Each structure stands twice: as structure tokens, then as C-alpha cells.
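Asker: Sharing protein.cif, mmCIF, C-alpha atoms:
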```cif
data_target
#
loop_
_atom_site.label_atom_id
_atom_site.label_comp_id
_atom_site.auth_asym_id
_atom_site.auth_seq_id
_atom_site.Cartn_x
_atom_site.Cartn_y
_atom_site.Cartn_z
CA MET A 1 25.84 261.12 239.98
CA LYS A 2 25.05 257.94 238.08
CA ASP A 3 22.73 259.95 235.81
CA GLN A 4 25.49 262.47 235.21
CA ILE A 5 27.99 259.78 234.18
CA GLY A 6 25.35 258.24 231.93
CA GLY A 7 24.64 261.66 230.45
CA ASN A 8 28.32 262.32 229.80
CA GLN A 9 28.75 258.95 228.13
CA LYS A 10 25.69 259.54 225.98
CA ARG A 11 27.01 262.95 225.04
CA ALA A 12 30.49 261.67 224.17
CA ARG A 13 29.02 258.87 222.11
CA PHE A 14 26.79 261.23 220.19
CA GLN A 15 29.73 263.57 219.53
CA ALA A 16 31.80 260.65 218.25
CA LEU A 17 28.98 259.53 215.99
CA CYS A 18 28.59 263.04 214.57
CA GLN A 19 32.34 263.31 214.05
CA SER A 20 32.54 260.06 212.11
CA LEU A 21 29.63 260.93 209.82
CA ARG A 22 30.29 264.63 209.39
CA PRO A 23 32.44 264.56 206.20
CA ASP A 24 29.86 262.50 204.30
CA LEU A 25 27.00 264.58 205.64
CA LEU A 26 28.77 267.75 204.52
CA ARG A 27 29.28 266.26 201.07
CA PHE A 28 25.65 265.28 200.83
CA ALA A 29 24.48 268.71 201.97
CA PHE A 30 26.88 270.34 199.52
CA TRP A 31 25.51 268.41 196.55
CA LEU A 32 21.99 269.09 197.73
CA SER A 33 22.49 272.82 198.10
CA ARG A 34 25.49 273.43 195.80
CA ASP A 35 26.62 275.96 198.39
CA ARG A 36 29.42 275.31 200.90
CA ALA A 37 28.33 277.83 203.49
CA LEU A 38 24.73 276.69 203.36
CA ALA A 39 25.85 273.05 203.57
CA GLU A 40 27.81 273.79 206.75
CA ASP A 41 24.82 275.60 208.29
CA VAL A 42 22.44 272.80 207.35
CA VAL A 43 24.72 270.13 208.82
CA GLN A 44 25.20 272.11 212.01
CA GLU A 45 21.46 272.60 212.42
CA THR A 46 20.95 268.92 211.63
CA MET A 47 23.29 267.91 214.45
CA LEU A 48 21.36 270.03 216.93
CA ARG A 49 18.05 268.59 215.84
CA ALA A 50 19.52 265.10 215.91
CA TRP A 51 20.75 265.61 219.47
CA LYS A 52 17.29 266.71 220.57
CA ALA A 53 15.66 263.77 218.79
CA GLN A 54 18.30 261.16 219.53
CA ASP A 55 15.85 258.89 221.36
CA SER A 56 14.21 258.19 218.02
CA LEU A 57 17.45 256.66 216.74
CA LEU A 58 17.03 253.09 217.90
CA ASP A 59 19.96 251.56 216.04
CA GLU A 60 23.28 253.34 215.61
CA ALA A 61 23.91 251.34 212.45
CA ALA A 62 21.00 253.23 210.92
CA ALA A 63 22.44 256.60 211.93
CA LYS A 64 23.52 257.68 208.46
CA PRO A 65 20.11 257.46 206.74
CA TRP A 66 18.59 259.00 209.86
CA PHE A 67 20.91 262.01 209.58
CA LEU A 68 20.38 262.26 205.82
CA THR A 69 16.64 262.47 206.31
CA ILE A 70 17.11 265.30 208.82
CA ILE A 71 19.48 267.07 206.43
CA ARG A 72 16.92 266.93 203.63
CA ARG A 73 14.24 268.39 205.91
CA GLU A 74 16.59 271.02 207.23
CA TYR A 75 17.63 272.00 203.73
CA ALA A 76 13.98 272.28 202.73
CA ARG A 77 13.44 274.55 205.73
CA SER A 78 16.35 276.81 204.81
CA PHE A 79 15.00 276.91 201.29
CA GLU A 80 11.62 278.09 202.58
CA ARG A 81 13.26 280.66 204.83
CA LYS A 82 15.42 282.15 202.11
CA ARG A 83 12.78 281.87 199.40
CA PHE A 84 15.18 281.34 196.53
CA VAL A 85 13.33 282.11 193.36
CA THR A 86 15.85 281.39 190.64
CA VAL A 87 19.24 279.75 190.60
CA ASP A 88 21.92 280.96 188.23
CA VAL A 89 24.03 277.85 187.71
CA ASP A 90 26.95 279.75 186.19
CA GLU A 91 27.04 281.99 189.23
CA LEU A 92 26.90 278.97 191.53
CA VAL A 93 29.73 277.29 189.65
CA ALA A 94 31.84 280.45 189.88
CA ARG A 95 31.16 280.85 193.59
CA GLU A 96 32.00 277.23 194.43
CA GLU A 97 34.95 277.03 192.06
CA PRO A 98 37.47 276.11 194.78
CA MET A 99 35.32 273.22 195.95
CA LEU A 100 34.56 272.06 192.43
CA ALA A 101 38.10 272.29 191.20
CA ALA A 102 39.90 271.12 194.31
CA ALA A 103 40.86 267.97 192.47
CA GLU A 104 44.09 267.78 190.54
CA GLU A 105 42.41 266.43 187.47
CA GLN A 106 40.65 268.86 185.23
CA ASN A 107 38.07 266.28 184.18
CA LEU A 108 36.85 265.93 187.77
CA ALA A 109 36.30 269.67 187.88
CA GLU A 110 34.31 269.42 184.64
CA MET A 111 32.25 266.59 186.06
CA ARG A 112 31.51 268.66 189.16
CA ALA A 113 30.43 271.62 187.10
CA ALA A 114 28.17 269.28 185.11
CA LEU A 115 26.69 267.91 188.34
CA PHE A 116 25.82 271.46 189.33
CA LYS A 117 23.77 271.77 186.16
CA LEU A 118 21.73 268.62 186.72
CA PRO A 119 18.16 269.30 187.86
CA ASP A 120 17.68 268.68 191.59
CA GLU A 121 15.31 265.77 191.02
CA TYR A 122 18.04 263.93 189.11
CA ARG A 123 21.06 265.00 191.16
CA GLU A 124 19.65 263.98 194.51
CA PRO A 125 18.95 260.28 193.78
CA LEU A 126 22.28 260.07 191.97
CA VAL A 127 24.15 261.40 195.02
CA LEU A 128 22.28 259.03 197.31
CA GLN A 129 23.15 256.09 195.08
CA VAL A 130 26.76 256.84 194.19
CA LEU A 131 28.03 258.73 197.23
CA MET A 132 25.87 257.26 199.99
CA GLY A 133 25.58 253.73 198.61
CA TYR A 134 21.78 253.65 198.76
CA SER A 135 19.87 250.90 196.95
CA THR A 136 16.98 251.77 194.65
CA ALA A 137 14.51 250.75 197.35
CA GLU A 138 16.22 252.95 199.94
CA ILE A 139 16.22 255.94 197.59
CA ALA A 140 12.56 255.32 196.84
CA ARG A 141 11.78 255.30 200.56
CA GLU A 142 13.81 258.43 201.27
CA LEU A 143 12.38 260.42 198.37
CA ASP A 144 8.88 258.98 198.65
CA LEU A 145 8.89 257.69 195.08
CA SER A 146 8.21 254.36 193.42
CA GLY A 147 11.17 252.14 192.52
CA ALA A 148 10.40 252.61 188.83
CA ALA A 149 10.41 256.40 189.21
CA VAL A 150 13.80 256.25 190.95
CA LEU A 151 15.28 254.13 188.15
CA THR A 152 13.93 256.54 185.54
CA ARG A 153 15.48 259.50 187.34
CA LEU A 154 18.83 257.73 187.69
CA PHE A 155 18.78 256.79 184.02
CA ARG A 156 18.04 260.38 183.00
CA ALA A 157 20.61 261.73 185.45
CA ARG A 158 23.45 259.70 183.93
CA LYS A 159 22.29 260.31 180.41
CA GLN A 160 22.24 264.09 180.91
CA LEU A 161 25.47 264.06 182.85
CA ARG A 162 27.27 262.13 180.12
CA ALA A 163 26.04 264.59 177.53
CA LEU A 164 27.08 267.56 179.68
CA CYS A 165 30.55 266.03 180.09
CA GLY A 166 30.94 265.58 176.33
CA GLU A 167 31.00 261.78 176.55
CA ASP A 168 30.34 259.71 173.47
CA THR A 169 26.63 258.98 173.89
CA SER A 170 26.11 257.31 170.52
CA MET A 171 25.56 253.94 172.23
CA ASP A 172 23.17 255.34 174.85
CA PRO A 173 19.57 254.15 174.49
CA GLN A 174 16.68 256.49 173.82
CA GLU A 175 14.01 256.82 176.47
CA MET B 1 15.77 237.44 176.06
CA MET B 2 16.94 240.92 177.05
CA ASP B 3 17.64 243.39 174.24
CA CYS B 4 20.47 245.93 174.11
CA ALA B 5 18.25 248.94 174.79
CA HIS B 6 16.86 247.34 177.93
CA TYR B 7 20.35 246.35 179.09
CA ARG B 8 21.78 249.83 178.58
CA ARG B 9 18.81 251.52 180.20
CA SER B 10 19.27 249.31 183.27
CA MET B 11 22.99 249.96 183.37
CA LEU B 12 22.49 253.72 183.17
CA ALA B 13 20.09 253.50 186.11
CA ASP B 14 22.46 251.34 188.16
CA PRO B 15 25.84 250.33 186.71
CA HIS B 16 26.43 247.96 189.63
CA ASP B 17 23.11 246.14 189.35
CA PRO B 18 23.91 242.48 190.17
CA ASP B 19 20.92 241.10 188.19
CA PRO B 20 22.16 237.85 186.51
CA SER B 21 20.17 238.53 183.35
CA LEU B 22 22.21 241.70 182.83
CA ARG B 23 25.44 239.75 183.17
CA GLU B 24 24.20 237.11 180.74
CA HIS B 25 23.37 239.73 178.14
CA ARG B 26 26.71 241.48 178.58
CA GLU B 27 28.62 238.23 178.09
CA SER B 28 26.76 237.54 174.88
CA CYS B 29 26.93 241.03 173.35
CA HIS B 30 30.18 242.67 172.30
CA ASP B 31 28.70 246.18 171.88
CA CYS B 32 27.14 246.10 175.33
CA THR B 33 30.44 244.95 176.83
CA VAL B 34 32.11 247.98 175.28
CA PHE B 35 29.26 250.18 176.50
CA SER B 36 29.62 248.79 180.04
CA GLU B 37 33.35 249.31 180.18
CA ARG B 38 32.97 252.93 179.12
CA LEU B 39 30.13 253.45 181.56
CA LEU B 40 32.11 252.00 184.46
CA ARG B 41 35.02 254.31 183.68
CA PHE B 42 32.58 257.20 183.71
CA GLU B 43 31.10 255.92 186.96
CA SER B 44 34.49 255.79 188.62
CA ARG B 45 35.07 259.41 187.65
CA LEU B 46 31.62 260.33 188.93
CA GLU B 47 32.35 258.72 192.29
CA ARG B 48 35.60 260.64 192.64
CA ALA B 49 33.94 263.89 191.57
CA LEU B 50 31.21 263.54 194.19
CA ARG B 51 33.73 262.86 196.94
CA VAL B 52 34.68 266.52 197.27
CA ALA B 53 37.43 267.35 199.72
CA VAL B 54 36.13 268.54 203.06
CA PRO B 55 38.62 270.98 204.60
CA SER B 56 39.96 269.68 207.89
CA GLU B 57 38.75 272.69 209.86
CA VAL B 58 35.22 272.09 208.54
CA ALA B 59 35.35 268.32 208.97
CA ARG B 60 36.11 268.71 212.66
CA GLN B 61 32.86 268.35 214.55
CA PRO B 62 32.18 271.36 216.74
CA ASP B 63 30.63 270.64 220.10
CA VAL B 64 26.95 270.79 219.16
CA VAL B 65 25.74 269.14 222.28
CA PRO B 66 24.84 271.52 225.10
CA PRO B 67 26.85 270.81 228.25
CA PRO B 68 24.98 268.79 230.82
CA ASN B 69 23.68 270.63 233.86
CA ILE B 70 26.20 270.03 236.59
CA VAL B 71 24.63 269.89 240.00
CA VAL B 72 27.09 270.63 242.80
CA PRO B 73 25.91 268.88 245.93
CA LEU B 74 25.69 270.96 249.07
CA ARG B 75 28.69 270.48 251.34
CA SER B 76 30.04 272.08 254.46
CA PRO B 77 31.34 275.71 254.22
CA ALA B 78 34.91 274.46 254.66
CA TYR B 79 34.53 272.07 251.77
CA ARG B 80 32.99 274.81 249.65
CA LYS B 81 35.84 277.17 250.52
CA GLY B 82 38.36 274.56 249.42
CA TRP B 83 36.42 273.87 246.28
CA LEU B 84 36.25 277.58 245.45
CA ALA B 85 39.98 277.97 246.06
CA MET B 86 40.66 275.10 243.72
CA ALA B 87 38.29 276.53 241.12
CA ALA B 88 40.00 279.92 241.43
CA SER B 89 43.42 278.39 240.88
CA VAL B 90 42.16 276.46 237.87
CA LEU B 91 40.60 279.65 236.53
CA MET B 92 43.85 281.53 237.08
CA ALA B 93 45.78 278.82 235.25
CA LEU B 94 43.31 279.02 232.39
CA VAL B 95 43.61 282.81 232.24
CA VAL B 96 47.42 282.60 232.17
CA ALA B 97 47.41 279.82 229.61
CA GLY B 98 44.75 281.65 227.59
CA GLY B 99 46.76 284.84 227.70
CA LEU B 100 49.86 283.03 226.49
CA TRP B 101 47.88 281.33 223.77
CA LEU B 102 46.41 284.64 222.62
CA SER B 103 49.69 286.50 222.68
CA ALA B 104 51.63 284.00 220.62
CA PRO B 105 50.80 282.62 217.17
CA GLY B 106 49.66 279.03 217.36
CA PRO B 107 52.63 276.78 216.73
CA SER B 108 50.67 275.25 213.88
CA LEU B 109 49.58 278.43 212.13
CA ALA B 110 52.10 277.89 209.33
CA ALA B 111 51.12 274.22 209.17
CA ASP B 112 47.45 275.17 208.90
CA VAL B 113 48.24 277.62 206.10
CA VAL B 114 50.16 274.89 204.25
CA THR B 115 47.32 272.39 204.80
CA HIS B 116 44.91 274.89 203.36
CA MET B 117 47.04 275.15 200.21
CA SER B 118 46.43 271.52 199.35
CA GLU B 119 42.71 272.23 199.19
CA GLU B 120 42.98 274.74 196.37
CA PRO B 121 45.77 273.51 194.09
CA GLN B 122 44.15 275.04 191.01
CA ALA B 123 44.83 278.49 192.47
CA TRP B 124 48.55 278.11 191.69
CA ARG B 125 48.04 278.36 187.94
CA ARG B 126 50.57 280.53 186.17
CA THR B 127 48.46 283.00 184.16
CA ASP B 128 48.30 286.58 183.01
CA VAL B 129 44.52 286.77 183.35
CA PRO B 130 43.49 288.87 186.33
CA VAL B 131 40.57 287.87 188.50
CA GLN B 132 37.43 289.95 187.99
CA SER B 133 37.79 293.17 189.94
CA SER B 134 34.28 292.81 191.37
CA ARG B 135 35.18 289.40 192.77
CA LEU B 136 38.40 290.72 194.28
CA GLU B 137 36.51 293.58 195.91
CA ASP B 138 33.91 291.19 197.31
CA VAL B 139 36.57 288.93 198.80
CA LEU B 140 38.46 291.81 200.41
CA ARG B 141 35.48 293.81 201.60
CA ASP B 142 34.60 291.55 204.54
CA SER B 143 38.13 291.87 205.90
CA HIS B 144 37.95 295.65 205.53
CA LEU B 145 40.71 296.17 203.04
CA ARG B 146 41.41 296.85 199.41
CA LEU B 147 44.53 296.79 197.27
CA ALA B 148 45.94 300.06 196.01
CA THR B 149 45.93 300.23 192.22
CA GLY B 150 49.28 300.31 190.48
CA ALA B 151 51.09 299.14 193.60
CA GLY B 152 53.52 297.03 191.60
CA THR B 153 52.76 293.77 193.36
CA GLY B 154 51.69 291.96 190.19
CA ILE B 155 48.29 290.95 188.91
CA VAL B 156 45.91 289.15 191.23
CA SER B 157 44.85 286.02 189.35
CA TYR B 158 42.81 284.34 192.06
CA ALA B 159 40.67 285.58 194.91
CA ASN B 160 38.56 283.52 197.22
CA SER B 161 37.04 283.95 200.64
CA CYS B 162 38.14 280.86 202.54
CA ARG B 163 37.12 279.36 205.84
CA PHE B 164 40.27 279.28 207.94
CA ARG B 165 40.37 278.58 211.67
CA GLY B 166 36.74 279.51 212.03
CA HIS B 167 36.88 282.77 210.05
CA GLN B 168 36.43 283.80 206.43
CA VAL B 169 39.75 285.09 205.17
CA PRO B 170 40.91 286.44 201.80
CA HIS B 171 43.03 283.95 199.86
CA LEU B 172 44.73 285.60 196.90
CA VAL B 173 47.24 284.49 194.31
CA ILE B 174 49.45 287.20 192.85
CA GLN B 175 51.51 286.64 189.72
CA THR B 176 54.97 287.99 190.51
CA GLU B 177 58.36 287.86 188.84
CA ALA B 178 59.02 284.83 191.06
CA GLY B 179 55.87 283.08 189.82
CA PRO B 180 52.51 282.67 191.53
CA VAL B 181 52.56 283.71 195.18
CA THR B 182 49.74 282.99 197.60
CA VAL B 183 48.68 285.61 200.11
CA MET B 184 46.33 284.98 203.00
CA VAL B 185 45.16 287.95 205.02
CA LEU B 186 44.75 286.60 208.54
CA VAL B 187 43.16 289.45 210.44
CA HIS B 188 42.20 287.10 213.28
CA GLU B 189 45.68 285.60 213.75
CA ARG B 190 48.15 287.64 215.75
CA SER B 191 51.84 287.07 215.28
CA PRO B 192 54.23 288.99 217.56
CA LYS B 193 57.15 288.60 215.17
CA PRO B 194 57.78 287.43 211.58
CA VAL B 195 57.93 283.68 211.16
CA ARG B 196 59.61 281.87 208.29
CA PHE B 197 58.51 278.39 207.30
CA ASP B 198 59.46 275.72 204.80
CA GLU B 199 56.99 272.84 205.01
CA GLN B 200 55.69 270.18 202.65
CA GLY B 201 57.04 271.92 199.57
CA TYR B 202 55.78 275.38 200.53
CA ARG B 203 58.09 278.19 201.58
CA GLY B 204 56.88 281.39 203.09
CA VAL B 205 56.57 283.93 205.84
CA ILE B 206 53.94 285.02 208.31
CA VAL B 207 54.37 288.66 209.13
CA PRO B 208 52.58 290.66 211.82
CA VAL B 209 50.35 293.52 210.73
CA ALA B 210 49.84 296.10 213.43
CA GLY B 211 46.19 296.12 214.45
CA HIS B 212 45.18 293.72 211.69
CA GLY B 213 46.47 290.29 212.66
CA SER B 214 48.99 288.88 210.25
CA LEU B 215 49.72 288.14 206.62
CA ALA B 216 50.88 284.79 205.21
CA VAL B 217 52.81 284.90 201.95
CA LEU B 218 54.13 281.71 200.39
CA THR B 219 55.38 280.09 197.24
CA ARG B 220 55.31 276.50 196.06
CA GLY B 221 58.56 274.66 195.47
CA PRO B 222 62.12 275.51 196.39
CA ALA B 223 62.86 277.90 193.50
CA THR B 224 62.21 281.13 195.38
CA ASP B 225 64.50 282.11 198.23
CA ILE B 226 63.02 283.34 201.48
CA LYS B 227 64.41 286.89 201.10
CA THR B 228 62.52 287.31 197.83
CA ILE B 229 59.34 286.11 199.54
CA GLU B 230 59.91 288.60 202.37
CA GLU B 231 60.37 291.36 199.83
CA ILE B 232 57.10 290.36 198.11
CA ALA B 233 55.36 290.29 201.51
CA ARG B 234 56.62 293.81 202.18
CA ARG B 235 55.28 295.02 198.81
CA VAL B 236 51.92 293.35 199.41
CA LEU B 237 51.69 294.97 202.83
CA ASP B 238 52.49 298.35 201.30
CA SER B 239 49.71 297.89 198.77
CA ILE B 240 47.02 297.11 201.34
CA VAL B 241 44.67 299.94 202.20
CA TRP B 242 42.72 299.19 205.37
CA THR B 243 39.17 300.45 205.22
CA GLY B 244 38.05 299.53 208.71
#
```
Starting from the file, lay out its structure as C-alpha cells.

Answerer:
Amino acid sequence: MKDQIGGNQKRARFQALCQSLRPDLLRFAFWLSRDRALAEDVVQETMLRAWKAQDSLLDEAAAKPWFLTIIRREYARSFERKRFVTVDVDELVAREEPMLAAAEEQNLAEMRAALFKLPDEYREPLVLQVLMGYSTAEIARELDLSGAAVLTRLFRARKQLRALCGEDTSMDPQE
Amino acid sequence: MMDCAHYRRSMLADPHDPDPSLREHRESCHDCTVFSERLLRFESRLERALRVAVPSEVARQPDVVPPPNIVVPLRSPAYRKGWLAMAASVLMALVVAGGLWLSAPGPSLAADVVTHMSEEPQAWRRTDVPVQSSRLEDVLRDSHLRLATGAGTGIVSYANSCRFRGHQVPHLVIQTEAGPVTVMVLVHERSPKPVRFDEQGYRGVIVPVAGHGSLAVLTRGPATDIKTIEEIARRVLDSIVWTG
């Protein structure tokens, strides 16, 4: 009986944790995959894996990076399963138009379309930094890169993004 | 002493880097101050762009956790009989409640349709450019329908397959004489009778479709009267050809 109550409490707590993080996890998975349906599948699968592995989460405050790591692995798995060979960015942009253009402002929609065109190795650290609030060291740890490599990717990400968005890049430094 | 190229490279890598040497350089260099201001404006836009809206029905966490195994302790036959009787009455109540829930449209169906509208505001554009016919066909195919050509409903300017109450449903915008009208084909939502609604700036109707759930048709703003919307809904219904 005591075990059952403990189990129910654990379950309710895990559900609440998932609920609070879900919107950000969906956003992260969306920017990783650039595909709403795939993002939903990846997050759902992530939750199941997280539930099974919850004993490895020692500190609830560290839940977000823990989930993000599982999402990245899960996304990699789905990628292997589906064996995508090429990605047509224009097709992706057209398919996800509602998500990209859900904002009132046209320039946000343009920015989102530009984000779609960024290479994965630049988009991912940028999303971790801007959307998830990761420091350079945390990104380096998550992506298994050196701090210098992360900074180079972030620099290139913004530089390319600014050019794609038609920003005035005359003051931007050369590499 | 830091030079401008180094400063700008660092800022492009992390515009919020608190390094004091960056601040010192910025305060001493007019061009880099201008560069930073522009970059921070860009950064603010980037942050907002990344924070895509997550539809409420998707944001809601489904129950991913398997239910715990409930072990019913062994009791006397009399206790078990009582327990079974109670379980049966609960089951009966659930069946009755479930039946009622299934036979009537959810009280919030119209509200959910209206909420969904706020997620795709760009769809309401007034335009005379039709959506690609291949896209329209793709969107309609999964719901087993197509639109008859030359049905006089107006051009379809937007077609998307949207997640709504756990199902993919066609979301169309048709350009009519009354302006853009949104149509959602809700094959999984039964409605025993037509329902009119006027909520949060959207006015529309949900009409039952025999054997195919219901159809939501709505306009934005108060300009179109409900009878016109009902007439449009009737025309849309007439133009639908069910393929399955």
C-alpha cells in the first residue's frame, strides 16, 4: 500500500515535470528536426525513455538538459530509422509554413525560414544558446565539442543568418 | 587592447557575453556601439522567432507513464461482491456519461476551433492566388474527400492539415464574396444539430455532416452576418465529394 502511494506520487511528479517542460522540448525538437510531426514523435518517445530511466535523474533542477540530451539521441535514432538522404529546404519551409509564419510579424516568418536554411551544425548550438539559455561550456558538453569550436559555430551561425535575413552585414568581421 | 574585429567576432558568438573587456571596448568605440545595438535588435528578433507557438492541444502532456499495477488484496467473498457491485455501478456511470459525451458535441468545440484560428493568422490573407492543387489534394486525401471543381464556393487560398483534438484535419481558407472564410472538416467531431457561435472576434457555424462528423465554417470580425456564413457552409457542403 505504502509502495503504491509512493509509486503514484512519483508518477504524478514525473507527469507534472513533463508537462512543465513539454513546450520548450517541443520547440527544441522542432528546430532540430524542422518537422512538427517528427518533433511530436521524438518528444513523446523521449518522455517514455525518460520515465524508464528516471532513476538516473538525480536532481530535478537538471531535468531540462537531461531531457534535451535524450531528445538529441532520440532524434538521431529516428534519423537512422528513416534514413533521410537529402533535405529539400524549400519543401520543408512550405510544409511547415503554418508553424513558421504563425507570428503576426512578417519579419519573424522570414527569420524562421532563414533558420531552416542554416546547416544543422550551426542551428543546433544557436538554438541551445538562444532558446534554451545554455552557456558556451554547456553547449560544448552537450555537443561534445571544444569551447572554441562552439564559439566558431555560433559566430558563423549568426553571420549566415544575418546574411540570409538581408541584414546590413557591412560591419560584420571576416573570419 | 581589444580590436574591433575581435570585439565583433565575440559579440556574434555571444551577444550577451558579460566579459568586462568587451564592455570596455564598446564604451570606447562608436562604431562597435552601433554594431552592438543593431546586433541586439537582431538577437531580440531571433529569440522571438525561435519561440514558435506550440498549439495548446500539442502542449498538453499526454499520459506517457504506464499505470501502476494495482494489486487488489484478497478479501472475503462478501467484500468482493460489494466491491464488484460498486465497480459495476461506476462502470455503468462511465458508460452513460461516455455515451452522453459521444452523442453531443463537446461544449468547447467552437472554442477549440476559435483557439486554433489564433495559431494560423496568416491564413486569413485576402488574396486571389489559389493554393497549389497538389497541396489541396494532399490535405483532403487523408480525410477521404475532395472538392468538386466549379462548385462556386470561391477559390481555396490556403490548405493545411492541422492537428486538432488528436486528429489531423483539413483547414482551408476560401475566398468568398464575404471575404476569407475558414473551413475545418471535422470528421471526428459529431454534432447532432447546427451550432452558431460568436467568440473572440470569430463568427461561425458548426454543422453536422451525416456519417462524416461535422464542418466548422467561420469568418473573422463582425462584418459578415450569420445567415451569410450558413449559406457559405451549405455551398461548401454541397461541393464536398466524399471518397471514403

Asker: Show me, as a list of chain:residue names, every residue of chain A with an atom at most 7 Å from chain B, counting only C-alpha atoms.

Answerer: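 Here is what falls inside 7 Å: A:Arg11, A:Cys18, A:Gln19, A:Arg22, A:Pro23, A:Arg27, A:Met47, A:Leu48, A:Trp51, A:Pro98, A:Met99, A:Ala101, A:Ala102, A:Glu104, A:Leu108, A:Met111, A:Arg112, A:Val130, A:Leu131, A:Leu151, A:Thr152, A:Leu154, A:Phe155, A:Arg158, A:Met171, A:Asp172, A:Pro173.
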
Asker: Just the number, please: distance in Å from atom CA of A:Gly166 to atom CA of B:Ser36, one decimal.

Answerer: 17.2 Å

Asker: Contacts of B:Leu218 at 12 Å or less, counting all atoms listed in the file, minus same-chain residues fewer than 3 places along, as an MDAnalysis selection string?

Answerer: chainID B and resid 110:111 113:114 116:117 124 171:174 176 178:185 195:207 215 221:233 236

Asker: Please produce a file of the residues just selected, as a PDB file, keeping the file's coordinate frame, where the atoms kept are C-alpha atoms.

Answerer:
```
ATOM      1  CA  ALA B 110      52.100 277.890 209.330  1.00  0.00           C
ATOM      2  CA  ALA B 111      51.120 274.220 209.170  1.00  0.00           C
ATOM      3  CA  VAL B 113      48.240 277.620 206.100  1.00  0.00           C
ATOM      4  CA  VAL B 114      50.160 274.890 204.250  1.00  0.00           C
ATOM      5  CA  HIS B 116      44.910 274.890 203.360  1.00  0.00           C
ATOM      6  CA  MET B 117      47.040 275.150 200.210  1.00  0.00           C
ATOM      7  CA  TRP B 124      48.550 278.110 191.690  1.00  0.00           C
ATOM      8  CA  HIS B 171      43.030 283.950 199.860  1.00  0.00           C
ATOM      9  CA  LEU B 172      44.730 285.600 196.900  1.00  0.00           C
ATOM     10  CA  VAL B 173      47.240 284.490 194.310  1.00  0.00           C
ATOM     11  CA  ILE B 174      49.450 287.200 192.850  1.00  0.00           C
ATOM     12  CA  THR B 176      54.970 287.990 190.510  1.00  0.00           C
ATOM     13  CA  ALA B 178      59.020 284.830 191.060  1.00  0.00           C
ATOM     14  CA  GLY B 179      55.870 283.080 189.820  1.00  0.00           C
ATOM     15  CA  PRO B 180      52.510 282.670 191.530  1.00  0.00           C
ATOM     16  CA  VAL B 181      52.560 283.710 195.180  1.00  0.00           C
ATOM     17  CA  THR B 182      49.740 282.990 197.600  1.00  0.00           C
ATOM     18  CA  VAL B 183      48.680 285.610 200.110  1.00  0.00           C
ATOM     19  CA  MET B 184      46.330 284.980 203.000  1.00  0.00           C
ATOM     20  CA  VAL B 185      45.160 287.950 205.020  1.00  0.00           C
ATOM     21  CA  VAL B 195      57.930 283.680 211.160  1.00  0.00           C
ATOM     22  CA  ARG B 196      59.610 281.870 208.290  1.00  0.00           C
ATOM     23  CA  PHE B 197      58.510 278.390 207.300  1.00  0.00           C
ATOM     24  CA  ASP B 198      59.460 275.720 204.800  1.00  0.00           C
ATOM     25  CA  GLU B 199      56.990 272.840 205.010  1.00  0.00           C
ATOM     26  CA  GLN B 200      55.690 270.180 202.650  1.00  0.00           C
ATOM     27  CA  GLY B 201      57.040 271.920 199.570  1.00  0.00           C
ATOM     28  CA  TYR B 202      55.780 275.380 200.530  1.00  0.00           C
ATOM     29  CA  ARG B 203      58.090 278.190 201.580  1.00  0.00           C
ATOM     30  CA  GLY B 204      56.880 281.390 203.090  1.00  0.00           C
ATOM     31  CA  VAL B 205      56.570 283.930 205.840  1.00  0.00           C
ATOM     32  CA  ILE B 206      53.940 285.020 208.310  1.00  0.00           C
ATOM     33  CA  VAL B 207      54.370 288.660 209.130  1.00  0.00           C
ATOM     34  CA  LEU B 215      49.720 288.140 206.620  1.00  0.00           C
ATOM     35  CA  GLY B 221      58.560 274.660 195.470  1.00  0.00           C
ATOM     36  CA  PRO B 222      62.120 275.510 196.390  1.00  0.00           C
ATOM     37  CA  ALA B 223      62.860 277.900 193.500  1.00  0.00           C
ATOM     38  CA  THR B 224      62.210 281.130 195.380  1.00  0.00           C
ATOM     39  CA  ASP B 225      64.500 282.110 198.230  1.00  0.00           C
ATOM     40  CA  ILE B 226      63.020 283.340 201.480  1.00  0.00           C
ATOM     41  CA  LYS B 227      64.410 286.890 201.100  1.00  0.00           C
ATOM     42  CA  THR B 228      62.520 287.310 197.830  1.00  0.00           C
ATOM     43  CA  ILE B 229      59.340 286.110 199.540  1.00  0.00           C
ATOM     44  CA  GLU B 230      59.910 288.600 202.370  1.00  0.00           C
ATOM     45  CA  GLU B 231      60.370 291.360 199.830  1.00  0.00           C
ATOM     46  CA  ILE B 232      57.100 290.360 198.110  1.00  0.00           C
ATOM     47  CA  ALA B 233      55.360 290.290 201.510  1.00  0.00           C
ATOM     48  CA  VAL B 236      51.920 293.350 199.410  1.00  0.00           C
TER      49      VAL B 236
END
```

Asker: Quick one: apply the PyMOL selection byres ((chain A and resi 66) around 12) to the file and drop the selected residues here as JSON, numbers by chain.

Answerer: {"A": [18, 21, 25, 46, 47, 49, 50, 51, 53, 54, 55, 56, 57, 58, 59, 60, 61, 62, 63, 64, 65, 67, 68, 69, 70, 71, 72, 73, 138, 142]}

Asker: What is the atom CA of B:Pro192 to atom CA of B:Ile240 distance in Å?

Answerer: 19.5 Å

Asker: Quick one: pull the distance between atom CA of A:Leu161 and atom CA of A:Ala109, Å, one decimal.

Answerer: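 Atom CA of A:Ala109 lies 13.2 Å from atom CA of A:Leu161.
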